[in-house]
>>> print(open('upload22.pdb').read())   # PDB, C-alpha atoms
ATOM      1  CA  MET A 188     -32.739 -20.774 -44.297
ATOM      2  CA  ALA A 189     -36.264 -19.387 -43.970
ATOM      3  CA  GLN A 190     -35.563 -18.615 -40.311
ATOM      4  CA  PHE A 191     -32.608 -16.454 -41.313
ATOM      5  CA  TRP A 192     -34.296 -14.483 -44.103
ATOM      6  CA  TRP A 193     -37.633 -13.911 -42.394
ATOM      7  CA  VAL A 194     -36.686 -13.705 -38.701
ATOM      8  CA  ILE A 195     -32.984 -12.857 -38.247
ATOM      9  CA  TYR A 196     -32.234 -10.802 -41.358
ATOM     10  CA  PRO A 197     -35.031  -8.223 -40.918
ATOM     11  CA  TYR A 198     -33.925  -7.432 -37.367
ATOM     12  CA  LEU A 199     -30.270  -7.231 -38.417
ATOM     13  CA  THR A 200     -31.069  -4.692 -41.109
ATOM     14  CA  LEU A 201     -33.521  -2.724 -38.973
ATOM     15  CA  GLY A 202     -31.056  -2.685 -36.082
ATOM     16  CA  LEU A 203     -28.292  -1.428 -38.378
ATOM     17  CA  MET A 204     -30.636   1.244 -39.712
ATOM     18  CA  ILE A 205     -31.612   2.466 -36.236
ATOM     19  CA  VAL A 206     -28.108   2.393 -34.728
ATOM     20  CA  GLY A 207     -26.544   3.925 -37.840
ATOM     21  CA  THR A 208     -29.142   6.696 -38.018
ATOM     22  CA  VAL A 209     -28.745   7.611 -34.345
ATOM     23  CA  TYR A 210     -24.938   7.567 -34.646
ATOM     24  CA  ARG A 211     -24.978   9.790 -37.714
ATOM     25  CA  PHE A 212     -27.454  12.176 -36.090
ATOM     26  CA  VAL A 213     -25.261  12.504 -33.007
ATOM     27  CA  TYR A 214     -21.832  12.613 -34.653
ATOM     28  CA  GLY A 215     -22.436  13.636 -38.266
ATOM     29  CA  GLN A 216     -25.230  16.178 -38.451
ATOM     30  CA  ARG A 217     -23.197  18.421 -40.764
ATOM     31  CA  ARG A 218     -23.265  15.667 -43.385
ATOM     32  CA  TRP A 219     -26.955  14.867 -42.811
ATOM     33  CA  GLY A 220     -28.828  15.630 -46.007
ATOM     34  CA  SER A 221     -29.270  14.758 -49.663
ATOM     35  CA  LYS A 222     -26.266  16.783 -50.895
ATOM     36  CA  SER A 223     -27.993  18.330 -53.895
ATOM     37  CA  SER A 224     -26.122  18.382 -57.210
ATOM     38  CA  GLU A 225     -28.485  20.882 -58.835
ATOM     39  CA  VAL A 226     -25.687  23.387 -59.374
ATOM     40  CA  LEU A 227     -23.883  20.797 -61.539
ATOM     41  CA  GLU A 228     -26.838  19.827 -63.745
ATOM     42  CA  LYS A 229     -30.446  20.937 -63.441
ATOM     43  CA  LYS A 230     -32.553  19.730 -66.380
ATOM     44  CA  TRP A 231     -32.429  15.955 -65.892
ATOM     45  CA  LEU A 232     -32.340  16.317 -62.121
ATOM     46  CA  ARG A 233     -35.687  18.130 -62.272
ATOM     47  CA  TYR A 234     -37.319  15.411 -64.391
ATOM     48  CA  GLY A 235     -35.881  12.499 -62.466
ATOM     49  CA  SER A 236     -36.403  13.954 -59.010
ATOM     50  CA  LEU A 237     -40.042  14.919 -59.587
ATOM     51  CA  LEU A 238     -40.959  11.561 -61.103
ATOM     52  CA  PHE A 239     -39.136   9.584 -58.458
ATOM     53  CA  HIS A 240     -40.243  11.497 -55.363
ATOM     54  CA  TRP A 241     -43.920  11.769 -56.272
ATOM     55  CA  GLY A 242     -43.978   8.173 -57.466
ATOM     56  CA  ILE A 243     -42.253   6.770 -54.389
ATOM     57  CA  LEU A 244     -44.495   8.724 -52.012
ATOM     58  CA  LEU A 245     -47.563   7.154 -53.633
ATOM     59  CA  VAL A 246     -45.886   3.737 -53.595
ATOM     60  CA  ILE A 247     -45.130   4.025 -49.876
ATOM     61  CA  GLY A 248     -48.726   5.060 -49.213
ATOM     62  CA  GLY A 249     -49.948   2.019 -51.116
ATOM     63  CA  HIS A 250     -47.614  -0.263 -49.153
ATOM     64  CA  VAL A 251     -48.949   1.123 -45.868
ATOM     65  CA  LEU A 252     -52.531   0.445 -46.934
ATOM     66  CA  GLY A 253     -51.732  -2.980 -48.303
ATOM     67  CA  LEU A 254     -49.400  -4.322 -45.613
ATOM     68  CA  LEU A 255     -50.367  -2.635 -42.354
ATOM     69  CA  VAL A 256     -54.149  -2.741 -42.784
ATOM     70  CA  PRO A 257     -55.466  -6.285 -42.123
ATOM     71  CA  LEU A 258     -57.358  -8.059 -44.888
ATOM     72  CA  ALA A 259     -60.419  -8.365 -42.631
ATOM     73  CA  VAL A 260     -60.733  -4.573 -42.485
ATOM     74  CA  TYR A 261     -61.201  -4.385 -46.255
ATOM     75  CA  HIS A 262     -63.817  -7.133 -46.106
ATOM     76  CA  ASP A 263     -65.644  -5.282 -43.328
ATOM     77  CA  LEU A 264     -65.638  -2.140 -45.479
ATOM     78  CA  GLY A 265     -67.080  -4.069 -48.397
ATOM     79  CA  VAL A 266     -63.965  -3.879 -50.549
ATOM     80  CA  SER A 267     -63.712  -7.107 -52.517
ATOM     81  CA  ASN A 268     -60.398  -8.757 -53.336
ATOM     82  CA  GLU A 269     -61.002  -8.156 -57.054
ATOM     83  CA  LEU A 270     -61.658  -4.421 -56.574
ATOM     84  CA  TYR A 271     -58.664  -4.000 -54.286
ATOM     85  CA  HIS A 272     -56.243  -5.630 -56.716
ATOM     86  CA  LYS A 273     -57.616  -3.741 -59.725
ATOM     87  CA  VAL A 274     -57.112  -0.428 -57.940
ATOM     88  CA  ALA A 275     -53.723  -1.506 -56.576
ATOM     89  CA  ASP A 276     -52.530  -2.676 -60.001
ATOM     90  CA  LEU A 277     -53.695   0.519 -61.719
ATOM     91  CA  PHE A 278     -52.547   3.202 -59.297
ATOM     92  CA  GLY A 279     -49.691   1.189 -57.811
ATOM     93  CA  GLY A 280     -48.463   0.334 -61.284
ATOM     94  CA  LEU A 281     -48.562   3.946 -62.446
ATOM     95  CA  ALA A 282     -46.837   5.212 -59.284
ATOM     96  CA  GLY A 283     -44.225   2.464 -59.437
ATOM     97  CA  PHE A 284     -43.555   3.118 -63.109
ATOM     98  CA  ALA A 285     -43.099   6.844 -62.450
ATOM     99  CA  ALA A 286     -40.697   6.095 -59.582
ATOM    100  CA  PHE A 287     -38.727   3.650 -61.743
ATOM    101  CA  VAL A 288     -38.415   6.088 -64.648
ATOM    102  CA  GLY A 289     -37.339   8.764 -62.177
ATOM    103  CA  VAL A 290     -34.657   6.690 -60.465
ATOM    104  CA  THR A 291     -33.421   5.459 -63.870
ATOM    105  CA  ILE A 292     -32.966   9.073 -64.988
ATOM    106  CA  LEU A 293     -31.169   9.953 -61.766
ATOM    107  CA  LEU A 294     -28.859   6.936 -61.978
ATOM    108  CA  PHE A 295     -28.068   7.508 -65.669
ATOM    109  CA  ARG A 296     -27.446  11.221 -64.990
ATOM    110  CA  ARG A 297     -25.011  10.428 -62.180
ATOM    111  CA  ILE A 298     -23.095   7.993 -64.383
ATOM    112  CA  ALA A 299     -23.211   9.825 -67.723
ATOM    113  CA  ASN A 300     -22.673  13.429 -66.620
ATOM    114  CA  ALA A 301     -18.959  13.941 -66.003
ATOM    115  CA  ARG A 302     -19.410  16.829 -63.549
ATOM    116  CA  VAL A 303     -22.009  14.981 -61.477
ATOM    117  CA  ARG A 304     -20.004  11.750 -61.588
ATOM    118  CA  SER A 305     -16.783  13.377 -60.395
ATOM    119  CA  ASN A 306     -18.601  14.937 -57.445
ATOM    120  CA  SER A 307     -20.347  11.703 -56.419
ATOM    121  CA  SER A 308     -19.357   9.351 -53.634
ATOM    122  CA  ALA A 309     -19.603   5.574 -53.601
ATOM    123  CA  GLY A 310     -22.608   5.937 -51.308
ATOM    124  CA  ASP A 311     -24.431   7.989 -53.958
ATOM    125  CA  PHE A 312     -24.119   5.159 -56.469
ATOM    126  CA  VAL A 313     -25.032   2.514 -53.870
ATOM    127  CA  ALA A 314     -28.184   4.407 -52.890
ATOM    128  CA  LEU A 315     -29.379   4.856 -56.468
ATOM    129  CA  ALA A 316     -28.460   1.286 -57.438
ATOM    130  CA  LEU A 317     -30.425  -0.141 -54.504
ATOM    131  CA  LEU A 318     -33.397   2.084 -55.307
ATOM    132  CA  PHE A 319     -33.216   0.987 -58.947
ATOM    133  CA  ILE A 320     -33.256  -2.677 -57.894
ATOM    134  CA  VAL A 321     -35.988  -2.340 -55.267
ATOM    135  CA  VAL A 322     -38.338  -0.242 -57.410
ATOM    136  CA  GLY A 323     -37.614  -2.343 -60.496
ATOM    137  CA  LEU A 324     -38.431  -5.576 -58.667
ATOM    138  CA  GLY A 325     -41.597  -4.024 -57.269
ATOM    139  CA  ASP A 326     -42.690  -3.039 -60.776
ATOM    140  CA  ALA A 327     -41.831  -6.503 -62.049
ATOM    141  CA  VAL A 328     -44.257  -7.928 -59.475
ATOM    142  CA  THR A 329     -47.038  -5.328 -59.828
ATOM    143  CA  ILE A 330     -46.922  -4.629 -63.550
ATOM    144  CA  GLY A 331     -45.461  -7.921 -64.744
ATOM    145  CA  ALA A 332     -46.221 -11.011 -62.662
ATOM    146  CA  ASN A 333     -49.596  -9.827 -61.337
ATOM    147  CA  ASN A 334     -50.885  -9.230 -64.864
ATOM    148  CA  ILE A 335     -49.395 -12.402 -66.338
ATOM    149  CA  TYR A 336     -50.136 -14.937 -63.615
ATOM    150  CA  GLY A 337     -52.862 -13.093 -61.733
ATOM    151  CA  PRO A 338     -52.637 -10.952 -58.580
ATOM    152  CA  TYR A 339     -50.984 -12.552 -55.572
ATOM    153  CA  GLU A 340     -52.816 -12.057 -52.266
ATOM    154  CA  TYR A 341     -49.890 -10.689 -50.268
ATOM    155  CA  ARG A 342     -52.287  -9.309 -47.659
ATOM    156  CA  ALA A 343     -52.736 -12.870 -46.390
ATOM    157  CA  THR A 344     -49.014 -13.628 -46.047
ATOM    158  CA  VAL A 345     -46.630 -10.675 -46.346
ATOM    159  CA  GLY A 346     -48.999  -8.321 -44.535
ATOM    160  CA  PRO A 347     -49.354 -10.457 -41.381
ATOM    161  CA  TRP A 348     -45.619 -11.210 -41.444
ATOM    162  CA  ILE A 349     -44.756  -7.498 -41.556
ATOM    163  CA  ARG A 350     -47.142  -6.704 -38.704
ATOM    164  CA  ASP A 351     -45.858  -9.649 -36.650
ATOM    165  CA  THR A 352     -42.269  -8.548 -37.277
ATOM    166  CA  LEU A 353     -43.054  -5.047 -36.045
ATOM    167  CA  THR A 354     -44.584  -6.523 -32.879
ATOM    168  CA  LEU A 355     -41.508  -8.795 -32.413
ATOM    169  CA  HIS A 356     -43.365 -12.030 -33.193
ATOM    170  CA  PRO A 357     -42.306 -12.882 -36.768
ATOM    171  CA  ALA A 358     -43.595 -16.111 -38.307
ATOM    172  CA  ALA A 359     -41.237 -17.360 -41.011
ATOM    173  CA  ALA A 360     -43.836 -19.911 -42.157
ATOM    174  CA  LEU A 361     -45.954 -17.101 -43.600
ATOM    175  CA  MET A 362     -43.228 -16.268 -46.124
ATOM    176  CA  THR A 363     -42.338 -19.731 -47.414
ATOM    177  CA  SER A 364     -45.108 -19.737 -50.029
ATOM    178  CA  VAL A 365     -44.510 -16.179 -51.231
ATOM    179  CA  PRO A 366     -43.399 -15.965 -54.909
ATOM    180  CA  THR A 367     -39.621 -15.802 -55.304
ATOM    181  CA  LEU A 368     -39.657 -12.459 -57.117
ATOM    182  CA  LEU A 369     -41.600 -10.867 -54.277
ATOM    183  CA  GLN A 370     -39.265 -12.433 -51.707
ATOM    184  CA  ILE A 371     -36.238 -10.917 -53.460
ATOM    185  CA  HIS A 372     -38.002  -7.541 -53.564
ATOM    186  CA  ILE A 373     -38.578  -7.679 -49.805
ATOM    187  CA  ILE A 374     -34.995  -8.762 -49.054
ATOM    188  CA  ALA A 375     -33.639  -5.938 -51.234
ATOM    189  CA  SER A 376     -35.957  -3.460 -49.485
ATOM    190  CA  PHE A 377     -34.512  -4.354 -46.084
ATOM    191  CA  ALA A 378     -31.000  -3.974 -47.514
ATOM    192  CA  LEU A 379     -32.012  -0.486 -48.664
ATOM    193  CA  LEU A 380     -33.166   0.383 -45.136
ATOM    194  CA  ALA A 381     -29.864  -0.855 -43.705
ATOM    195  CA  ALA A 382     -27.893   1.296 -46.157
ATOM    196  CA  SER A 383     -29.936   4.458 -45.560
ATOM    197  CA  PRO A 384     -27.900   5.866 -42.606
ATOM    198  CA  PHE A 385     -24.664   5.652 -44.591
ATOM    199  CA  THR A 386     -25.849   7.335 -47.786
ATOM    200  CA  ARG A 387     -27.796  10.391 -48.917
ATOM    201  CA  LEU A 388     -30.956   8.375 -48.150
ATOM    202  CA  VAL A 389     -30.584   9.435 -44.524
ATOM    203  CA  HIS A 390     -32.563  12.568 -45.382
ATOM    204  CA  VAL A 391     -35.782  10.508 -45.567
ATOM    205  CA  TRP A 392     -35.741  10.348 -41.759
ATOM    206  CA  SER A 393     -35.928  14.143 -41.516
ATOM    207  CA  ALA A 394     -39.120  16.161 -41.650
ATOM    208  CA  PRO A 395     -38.871  19.952 -42.074
ATOM    209  CA  VAL A 396     -41.654  20.576 -39.548
ATOM    210  CA  THR A 397     -40.029  23.754 -38.227
ATOM    211  CA  TYR A 398     -39.240  25.201 -41.648
ATOM    212  CA  PRO A 399     -42.427  27.323 -41.945
ATOM    213  CA  LEU A 400     -41.645  28.899 -38.548
ATOM    214  CA  ARG A 401     -38.103  29.970 -39.417
ATOM    215  CA  PRO A 402     -37.523  33.698 -40.030
ATOM    216  CA  PRO A 403     -36.939  34.606 -43.661
ATOM    217  CA  ILE A 404     -33.375  34.873 -44.876
ATOM    218  CA  GLN A 405     -32.445  38.453 -45.740
ATOM    219  CA  TYR A 406     -30.439  39.086 -48.894
ATOM    220  CA  ARG A 407     -28.704  42.369 -49.629
ATOM    221  CA  THR A 408     -27.225  43.269 -52.969
ATOM    222  CA  ARG A 409     -23.689  44.588 -53.198
ATOM    223  CA  ALA A 410     -25.079  47.940 -54.388
ATOM    224  CA  SER A 411     -27.223  48.371 -51.286
ATOM    225  CA  MET A 412     -24.273  47.438 -49.064
ATOM    226  CA  ASN A 413     -22.107  50.065 -50.779
ATOM    227  CA  LYS A 414     -24.756  52.736 -50.232
ATOM    228  CA  ARG A 415     -24.859  51.972 -46.533
ATOM    229  CA  LEU A 416     -21.093  52.265 -46.331
TER     230      LEU A 416
END
>>> encode(input="upload22.pdb", output="structure tokens")
Amino acid sequence: MAQFWWVIYPYLTLGLMIVGTVYRFVYGQRRWGSKSSEVLEKKWLRYGSLLFHWGILLVIGGHVLGLLVPLAVYHDLGVSNELYHKVADLFGGLAGFAAFVGVTILLFRRIANARVRSNSSAGDFVALALLFIVVGLGDAVTIGANNIYGPYEYRATVGPWIRDTLTLHPAAALMTSVPTLLQIHIIASFALLAASPFTRLVHVWSAPVTYPLRPPIQYRTRASMNKRL
């Protein structure tokens, strides 16, 4: 079973994400985006979107530092395990909490607001539900389990496993001792990646690098158009 979850499953989900993203980019660019519902409801969208997006950006940054940077690098820099986990629990907990509050607002808004709900697709609900689960589980680990049972040193197990998976040499044995709650969080995260090409989450793979170079859009009022005529 460990071989499936920590060797086969990650590549299945990553493969589905890559193939699905390329297919949608080639054949469905007109539907590539987040399909904003701001025109239907603005107040709660503003609160939820700001909290979620800023929180998740900080969470992703923390995951990069914690999982892709080897533990030995921190030791070489003089960063003790105690200092690392205190900083990670404080800032990671705050960022994760903000992201969770944000996604909760967005999910509740999409369910409770009749106009938003009627203009939502199944993929919209799937995307928000998966985000709710993934972020919620992450908070349960960071804010809950780490402060109740003590911080788990994932940089010695999950970190090497992630790096080995990216270099096509995954070691399932590294994940067998990982706490169950963290394992479920990781499994749900890969499911979220697999779903991204088929939902509004596809927009995370776009970067508006050319936007500042685009010419400004010119607007003309009806009065000015009538004068010209």
>>> resolve_selection(input="upload22.pdb", expression="the PyMOL selection byres ((chain A and resi 316-326) around 10)", output="ChimeraX atom specification")
/A:239,243,246,276,279-291,293-294,310-315,327-333,368-380,382,388
>>> atom_distance(input="upload22.pdb", atom1="atom CA of A:Thr354", atom2="atom CA of A:Thr200")
15.9 Å
>>> residues_around(input="upload22.pdb", residues="stretch 258-274 of chain A", least_positions_apart="2", cutoff="9 Å", atoms="all atoms listed in the file", output="ChimeraX atom specification")
/A:253-254,256,276-279,338-340,342-343,346
>>> write_last_selection(input="upload22.pdb", atoms="C-alpha atoms", output="CSV table (one decimal), in the coordinates of the input")
chain,number,residue,atom,x,y,z
A,253,GLY,CA,-51.7,-3.0,-48.3
A,254,LEU,CA,-49.4,-4.3,-45.6
A,256,VAL,CA,-54.1,-2.7,-42.8
A,276,ASP,CA,-52.5,-2.7,-60.0
A,277,LEU,CA,-53.7,0.5,-61.7
A,278,PHE,CA,-52.5,3.2,-59.3
A,279,GLY,CA,-49.7,1.2,-57.8
A,338,PRO,CA,-52.6,-11.0,-58.6
A,339,TYR,CA,-51.0,-12.6,-55.6
A,340,GLU,CA,-52.8,-12.1,-52.3
A,342,ARG,CA,-52.3,-9.3,-47.7
A,343,ALA,CA,-52.7,-12.9,-46.4
A,346,GLY,CA,-49.0,-8.3,-44.5
>>> atom_distance(input="upload22.pdb", atom1="atom CA of A:Trp192", atom2="atom CA of A:Val391")
25.1 Å
>>> closest_residue(input="upload22.pdb", among="A:His250, A:Lys229, A:Arg211, A:His390", to="A:Arg297", atoms="only C-alpha atoms")
A:Lys229
>>> closest_residue(input="upload22.pdb", among="A:Met204, A:Ile335, A:Leu238, A:Val345", to="A:Pro357", atoms="only C-alpha atoms")
A:Val345
>>> decode(input="upload22.pdb", residues="stretch 360-371 of chain A", atoms="all heavy atoms", output="PDB file, in the first residue's frame")
ATOM      1  N   ALA A 360       9.752   4.288   1.833  1.00  0.00           N
ATOM      2  CA  ALA A 360      10.091   4.026   3.228  1.00  0.00           C
ATOM      3  C   ALA A 360      10.176   5.313   4.045  1.00  0.00           C
ATOM      4  O   ALA A 360       9.929   5.301   5.258  1.00  0.00           O
ATOM      5  CB  ALA A 360      11.410   3.277   3.306  1.00  0.00           C
ATOM      6  N   LEU A 361      10.507   6.418   3.405  1.00  0.00           N
ATOM      7  CA  LEU A 361      10.608   7.686   4.123  1.00  0.00           C
ATOM      8  C   LEU A 361       9.265   8.146   4.670  1.00  0.00           C
ATOM      9  O   LEU A 361       9.203   8.900   5.648  1.00  0.00           O
ATOM     10  CB  LEU A 361      11.174   8.768   3.196  1.00  0.00           C
ATOM     11  CG  LEU A 361      12.653   8.681   2.839  1.00  0.00           C
ATOM     12  CD1 LEU A 361      12.988   9.655   1.712  1.00  0.00           C
ATOM     13  CD2 LEU A 361      13.517   8.972   4.061  1.00  0.00           C
ATOM     14  N   MET A 362       8.166   7.703   4.046  1.00  0.00           N
ATOM     15  CA  MET A 362       6.847   8.204   4.414  1.00  0.00           C
ATOM     16  C   MET A 362       6.083   7.302   5.369  1.00  0.00           C
ATOM     17  O   MET A 362       5.012   7.679   5.850  1.00  0.00           O
ATOM     18  CB  MET A 362       6.017   8.407   3.141  1.00  0.00           C
ATOM     19  CG  MET A 362       6.580   9.444   2.190  1.00  0.00           C
ATOM     20  SD  MET A 362       6.634  11.099   2.896  1.00  0.00           S
ATOM     21  CE  MET A 362       4.880  11.453   3.068  1.00  0.00           C
ATOM     22  N   THR A 363       6.601   6.121   5.648  1.00  0.00           N
ATOM     23  CA  THR A 363       5.846   5.175   6.480  1.00  0.00           C
ATOM     24  C   THR A 363       5.716   5.630   7.926  1.00  0.00           C
ATOM     25  O   THR A 363       4.752   5.262   8.604  1.00  0.00           O
ATOM     26  CB  THR A 363       6.518   3.794   6.436  1.00  0.00           C
ATOM     27  OG1 THR A 363       7.892   3.920   6.837  1.00  0.00           O
ATOM     28  CG2 THR A 363       6.457   3.203   5.025  1.00  0.00           C
ATOM     29  N   SER A 364       6.639   6.435   8.400  1.00  0.00           N
ATOM     30  CA  SER A 364       6.592   6.887   9.800  1.00  0.00           C
ATOM     31  C   SER A 364       5.976   8.271   9.954  1.00  0.00           C
ATOM     32  O   SER A 364       5.900   8.800  11.068  1.00  0.00           O
ATOM     33  CB  SER A 364       8.005   6.898  10.385  1.00  0.00           C
ATOM     34  OG  SER A 364       8.843   7.796   9.670  1.00  0.00           O
ATOM     35  N   VAL A 365       5.552   8.861   8.859  1.00  0.00           N
ATOM     36  CA  VAL A 365       4.950  10.198   8.903  1.00  0.00           C
ATOM     37  C   VAL A 365       3.580  10.116   9.575  1.00  0.00           C
ATOM     38  O   VAL A 365       2.808   9.183   9.311  1.00  0.00           O
ATOM     39  CB  VAL A 365       4.829  10.773   7.474  1.00  0.00           C
ATOM     40  CG1 VAL A 365       4.060  12.088   7.473  1.00  0.00           C
ATOM     41  CG2 VAL A 365       6.213  10.960   6.875  1.00  0.00           C
ATOM     42  N   PRO A 366       3.236  11.075  10.456  1.00  0.00           N
ATOM     43  CA  PRO A 366       1.917  11.057  11.111  1.00  0.00           C
ATOM     44  C   PRO A 366       0.776  10.975  10.103  1.00  0.00           C
ATOM     45  O   PRO A 366       0.846  11.562   9.016  1.00  0.00           O
ATOM     46  CB  PRO A 366       1.891  12.386  11.875  1.00  0.00           C
ATOM     47  CG  PRO A 366       3.329  12.695  12.139  1.00  0.00           C
ATOM     48  CD  PRO A 366       4.076  12.183  10.952  1.00  0.00           C
ATOM     49  N   THR A 367      -0.269  10.253  10.468  1.00  0.00           N
ATOM     50  CA  THR A 367      -1.388   9.998   9.558  1.00  0.00           C
ATOM     51  C   THR A 367      -2.031  11.283   9.049  1.00  0.00           C
ATOM     52  O   THR A 367      -2.366  11.397   7.866  1.00  0.00           O
ATOM     53  CB  THR A 367      -2.449   9.135  10.254  1.00  0.00           C
ATOM     54  OG1 THR A 367      -1.853   7.906  10.696  1.00  0.00           O
ATOM     55  CG2 THR A 367      -3.591   8.814   9.313  1.00  0.00           C
ATOM     56  N   LEU A 368      -2.207  12.262   9.925  1.00  0.00           N
ATOM     57  CA  LEU A 368      -2.839  13.513   9.523  1.00  0.00           C
ATOM     58  C   LEU A 368      -2.028  14.209   8.440  1.00  0.00           C
ATOM     59  O   LEU A 368      -2.590  14.746   7.469  1.00  0.00           O
ATOM     60  CB  LEU A 368      -2.992  14.430  10.734  1.00  0.00           C
ATOM     61  CG  LEU A 368      -3.908  15.653  10.558  1.00  0.00           C
ATOM     62  CD1 LEU A 368      -5.328  15.214  10.231  1.00  0.00           C
ATOM     63  CD2 LEU A 368      -3.890  16.506  11.829  1.00  0.00           C
ATOM     64  N   LEU A 369      -0.717  14.180   8.574  1.00  0.00           N
ATOM     65  CA  LEU A 369       0.149  14.796   7.572  1.00  0.00           C
ATOM     66  C   LEU A 369       0.121  13.999   6.270  1.00  0.00           C
ATOM     67  O   LEU A 369       0.157  14.580   5.176  1.00  0.00           O
ATOM     68  CB  LEU A 369       1.575  14.905   8.106  1.00  0.00           C
ATOM     69  CG  LEU A 369       2.604  15.601   7.206  1.00  0.00           C
ATOM     70  CD1 LEU A 369       2.118  16.968   6.768  1.00  0.00           C
ATOM     71  CD2 LEU A 369       3.951  15.710   7.920  1.00  0.00           C
ATOM     72  N   GLN A 370       0.043  12.680   6.371  1.00  0.00           N
ATOM     73  CA  GLN A 370      -0.062  11.846   5.171  1.00  0.00           C
ATOM     74  C   GLN A 370      -1.332  12.182   4.387  1.00  0.00           C
ATOM     75  O   GLN A 370      -1.298  12.310   3.151  1.00  0.00           O
ATOM     76  CB  GLN A 370      -0.063  10.367   5.560  1.00  0.00           C
ATOM     77  CG  GLN A 370       1.277   9.840   6.052  1.00  0.00           C
ATOM     78  CD  GLN A 370       1.222   8.353   6.331  1.00  0.00           C
ATOM     79  OE1 GLN A 370       0.148   7.765   6.497  1.00  0.00           O
ATOM     80  NE2 GLN A 370       2.381   7.721   6.399  1.00  0.00           N
ATOM     81  N   ILE A 371      -2.453  12.326   5.099  1.00  0.00           N
ATOM     82  CA  ILE A 371      -3.716  12.646   4.432  1.00  0.00           C
ATOM     83  C   ILE A 371      -3.626  14.024   3.777  1.00  0.00           C
ATOM     84  O   ILE A 371      -4.130  14.238   2.664  1.00  0.00           O
ATOM     85  CB  ILE A 371      -4.884  12.592   5.430  1.00  0.00           C
ATOM     86  CG1 ILE A 371      -5.026  11.179   6.000  1.00  0.00           C
ATOM     87  CG2 ILE A 371      -6.192  13.024   4.768  1.00  0.00           C
ATOM     88  CD1 ILE A 371      -6.041  11.072   7.118  1.00  0.00           C
TER      89      ILE A 371
END
